[in-house]
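A.B. asks: Quick one: this structure, given as structure tokens, is what I'll be asking you about.
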Amino acid sequence: MNRPTGNLSVLFRPPTAPVERQPLGPRGLLHKPERRAFLFLQGPPGPMMHQLALAMREQGVKVERINICGGDQADWPEPATNFRGAFRDWPVFFDNFLREHQITDILLFGDCRPYHVSARGVAALRGIRTYVLEEGYLRPHWMTLELDGVNGHSRLARNKEWLVEQARALPPEPYLPPIRASFRRRVRDTAKHYIAVHVGRLTYPFYRTHRPGSAFMEAIGWGWKWLTSGVRLRQTNEVLQRLEGKSFFLFPLQLSGDYQIRSHSPFPDMRAAASYVMESFARHAPSNAHLLIKAHPFDTSLSNWRSYVQGRARRLGIGEQVHFVDGGNLEQLATDAAGMVCVNSTSATLALAAGRPVCTLGEAIYKVPGLTFSRHLDEFWTDPVPPEPGLYGAFRRVLVDRCLVRGGIASESAVQTLIHSMLERLGCLAE
């Protein structure tokens, strides 16, 4: 695949140190010394990270692995280094491992997990590169892969002039075949991982998962969603029928346990965010406007969002203007809405692609002046300014070129596409 080439200035730093974002250069290879040694930490549940390691080794790249829980060990069917100590011992253990194995690169999934935050900081002290893999900024056909951090930690410049300038030098985004996904495959991989986490507590006694809640309660939540799917569909259809022909704003909920909320927003959880949005709507929205709050499709918390939203709306005196759905076509809703309010959900890209106004309340990769609303939420209800013409297209072109890799983790074909994309992006394909 032919890509523009150029120099990339790499700045290594502890992840907590304040630093001005540096514009990313052309996609090119981030760095390619003569000898490379990768260390893999936690990845997404499933076999992808191990398959990637095998592919890297075929290209002559050394790959090491540290397991920190039973789930990691279940996903890595070969000998690896197991860390079973207390978290306070992790930084020294990790630093010794980097030195002894002469590690040059680290790959991990999720830059805000406690072990990974520490690892990124320790690696930065030695000038070791950390690559962060995450769910895609654009879904479902992409994954995110960036140097140092993603989301609020991304180094992609939030500067519209720079984005437009960079986009001019890039070719149009090519048509690529869709990435297949299997919900059953993802459930299987996730269940296997977290069952192993639970079973492995005897051998990893100090490990505490970064996820709030328990895998058992999450399984119950999925069962409840399946049992109530018919009721939720009927309720969604009734709400959307009542909204036909009316002007409404869309507020898609995110998962309270997501680090997008916990680390990149001013809210402790999504209930606090929903309360904030409804309070602003009650005080400043026109009397003929409506607010549609949509549940996250993967929310299995058993939290009764419908009751909470309706009760809060009644207390604010906007019970007839606020609606809740647990379903519906998000892309169509984003297109039909007068505007979208979100904390920092990737759902915003659907609204931006449709030219709809977006107000974001947290740190987000797309929070660019001219692309999203730059004033307070209170003013958004009466003056929802749409994105500047052509700016989202420029943003997307640069985002795909600098920050994304094609593929996924929910089918074998998606994993194989992702592995090839990552080998190319990381400069691990033999010339």
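In the structure tokens, the first chain shown is A, the next is B, and so on; residue numbers restart at 1 for each chain, and ligands run from 1 in the order shown.
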Enumerate, as a list in words, the complete set of residues in segment 332-385 of chain A that a backbone-based DSSP assignment places in strand (DSSP E).

C.D. replies: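 Here is the list: Gly339, Met340, Val341, Cys342, Val358, Cys359 and Thr360 of chain A.
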
A.B. asks: Within 12 Å of Asn304 of chain A, counting only C-alpha atoms, which residues show up once you throw out same-chain ones fewer than 5 positions away? Write them as a VMD selection string, please.

C.D. replies: chain A and resid 221 224 to 225 271 295 299 309 to 311 324 to 326

A.B. asks: Neighbouring residues of segment 384-396 of chain A were defined as those with any atom within 6 Å, considering only C-alpha atoms; residues of the same chain fewer than 6 positions away were excluded. Please report them as number ranges by chain.

C.D. replies: A: 163-164, 167, 356-357, 370-371

A.B. asks: Would you export the selected residues with N, CA and C atoms as a PDB file, in the first residue's frame, please?

C.D. replies:
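again-v3.pdb written:
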ATOM      1  N   LEU A 163      -5.471  20.138  10.132  1.00  0.00           N
ATOM      2  CA  LEU A 163      -6.188  18.990   9.587  1.00  0.00           C
ATOM      3  C   LEU A 163      -6.491  19.178   8.100  1.00  0.00           C
ATOM      4  N   VAL A 164      -6.960  20.356   7.743  1.00  0.00           N
ATOM      5  CA  VAL A 164      -7.283  20.624   6.341  1.00  0.00           C
ATOM      6  C   VAL A 164      -6.024  20.557   5.480  1.00  0.00           C
ATOM      7  N   ALA A 167      -4.926  16.916   5.120  1.00  0.00           N
ATOM      8  CA  ALA A 167      -5.859  16.136   4.301  1.00  0.00           C
ATOM      9  C   ALA A 167      -5.636  16.378   2.814  1.00  0.00           C
ATOM     10  N   ARG A 356     -24.599  16.982  11.164  1.00  0.00           N
ATOM     11  CA  ARG A 356     -25.431  17.417  12.276  1.00  0.00           C
ATOM     12  C   ARG A 356     -24.564  18.055  13.366  1.00  0.00           C
ATOM     13  N   PRO A 357     -25.089  19.046  14.098  1.00  0.00           N
ATOM     14  CA  PRO A 357     -24.333  19.691  15.171  1.00  0.00           C
ATOM     15  C   PRO A 357     -24.048  18.718  16.312  1.00  0.00           C
ATOM     16  N   GLY A 370     -14.789  24.324  15.215  1.00  0.00           N
ATOM     17  CA  GLY A 370     -15.303  24.311  13.854  1.00  0.00           C
ATOM     18  C   GLY A 370     -15.931  22.986  13.487  1.00  0.00           C
ATOM     19  N   LEU A 371     -15.519  21.923  14.192  1.00  0.00           N
ATOM     20  CA  LEU A 371     -16.101  20.605  13.943  1.00  0.00           C
ATOM     21  C   LEU A 371     -17.215  20.337  14.944  1.00  0.00           C
TER      22      LEU A 371
END

A.B. asks: Pick the closest to Phe373 of chain A from A:Ile179, A:Val341, A:Val122, A:Ala289: which is it, counting only C-alpha atoms?

C.D. replies: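 Of the candidates, the smallest distance to Phe373 of chain A is held by A:Val341.
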
A.B. asks: From the list A:Gly121, A:Ala282, A:Asn96, A:Gly427, which residue is nearest Arg314 of chain A when using only C-alpha atoms?

C.D. replies: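 So, comparing all the options, the nearest one is A:Ala282.
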
A.B. asks: Please, what distance in Å, to one decimal, runs between atom CA of Asp111 of chain A and atom CA of Val343 of chain A?

C.D. replies: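 Separation of atom CA of Asp111 of chain A and atom CA of Val343 of chain A: 18.8 Å.
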
A.B. asks: Got a sec: who's within 7 Å of His290 of chain A, counting only C-alpha atoms, leaving out chain neighbours fewer than 6 positions off, as a list in words?

C.D. replies: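 After dropping sequence-adjacent residues, the list is Ser247, Phe248, Phe249, Gln321 and Val322 of chain A.
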
A.B. asks: Can you list, as a PyMOL selection string, every protein, DNA or RNA residue that comes within 7 Å of Phe83 of chain A when you count only C-alpha atoms, leaving out same-chain residues fewer than 4 positions away?

C.D. replies: chain A and resi 66-68

A.B. asks: Restricting the output to C-alpha atoms, write the selected residues as a short mmCIF file (atom, residue, chain, number, x, y, z; two decimals), in the first residue's frame.

C.D. replies:
data_model
loop_
_atom_site.label_atom_id
_atom_site.label_comp_id
_atom_site.auth_asym_id
_atom_site.auth_seq_id
_atom_site.Cartn_x
_atom_site.Cartn_y
_atom_site.Cartn_z
CA ILE A 66 3.89 -10.67 30.70
CA ASN A 67 0.69 -12.18 32.10
CA ILE A 68 -0.82 -10.39 35.09
#

A.B. asks: With a distance cut-off of 10 Å and only C-alpha atoms, select the neighbouring residues of segment 127-136 of chain A, excluding the residue or stretch itself and same-chain residues fewer than 2 positions from it, and output the selection as an NGL selection string.

C.D. replies: :A and (10-14 or 30-31 or 38-40 or 43-44 or 98 or 102-111 or 116 or 119-125 or 138-151 or 154 or 346 or 400 or 403-409 or 422 or 426)

A.B. asks: Tell me, as a list of chain:residue names, which residues lie within 9 Å of Asp378 of chain A, counting only C-alpha atoms; anything in the same chain fewer than 6 positions away does not count.

C.D. replies: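 Returned residues: A:Ser280, A:Phe281, A:Arg283, A:His284, A:Ala285.
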
A.B. asks: Any chance you could export the current selection's N, CA and C atoms as a compact mmCIF listing (two decimals), in the first residue's frame?

C.D. replies:
# COMPACT_ATOMS: atom_id res chain seq x y z
N SER A 280 -29.55 21.05 32.08
CA SER A 280 -29.33 22.10 31.10
C SER A 280 -30.51 22.20 30.14
N PHE A 281 -31.00 21.05 29.70
CA PHE A 281 -32.15 21.04 28.77
C PHE A 281 -33.37 21.68 29.41
N ARG A 283 -33.56 23.98 31.66
CA ARG A 283 -33.42 25.42 31.87
C ARG A 283 -33.32 26.22 30.58
N HIS A 284 -32.82 25.61 29.50
CA HIS A 284 -32.46 26.42 28.33
C HIS A 284 -33.05 25.95 27.00
N ALA A 285 -33.62 24.77 26.92
CA ALA A 285 -34.15 24.29 25.63
C ALA A 285 -35.50 24.93 25.33

A.B. asks: Ranking A:Ala273, A:Ala348, A:Leu330, A:Val398 by minimum distance to Pro171 of chain A and counting only C-alpha atoms, which one comes first?

C.D. replies: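 Smallest separation from Pro171 of chain A among the options: A:Val398.
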
A.B. asks: When you count only C-alpha atoms, which of these residues is closest to Leu170 of chain A: A:His420, A:Arg397, A:Arg234, A:His101?

C.D. replies: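 Looking only at the distances to Leu170 of chain A, the closest residue turns out to be A:Arg397.
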
A.B. asks: Which one is closest to Leu250 of chain A: A:Val358, A:Met340, A:Ala37, A:Val277? Count only C-alpha atoms.

C.D. replies: A:Met340

A.B. asks: Calculated over only C-alpha atoms, which of the candidates A:Arg188, A:His198, A:Asp401, A:Thr382 has the smallest distance to Pro174 of chain A?

C.D. replies: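 The answer is A:Asp401, which sits nearest to Pro174 of chain A.
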
A.B. asks: Enumerate, as JSON, numbers by chain, the complete set of residues in segment 154-293 of chain A that a backbone-based DSSP assignment places in alpha helix (DSSP H).

C.D. replies: {"A": [160, 161, 162, 163, 164, 165, 166, 167, 168, 183, 184, 185, 186, 187, 188, 189, 190, 191, 192, 193, 194, 195, 196, 197, 198, 199, 215, 216, 217, 218, 219, 220, 221, 222, 223, 224, 225, 226, 227, 229, 230, 231, 232, 233, 234, 235, 236, 237, 238, 239, 240, 241, 242, 243, 259, 260, 261, 262, 270, 271, 272, 273, 274, 275, 276, 277, 278, 279, 280, 281, 282, 283, 284]}
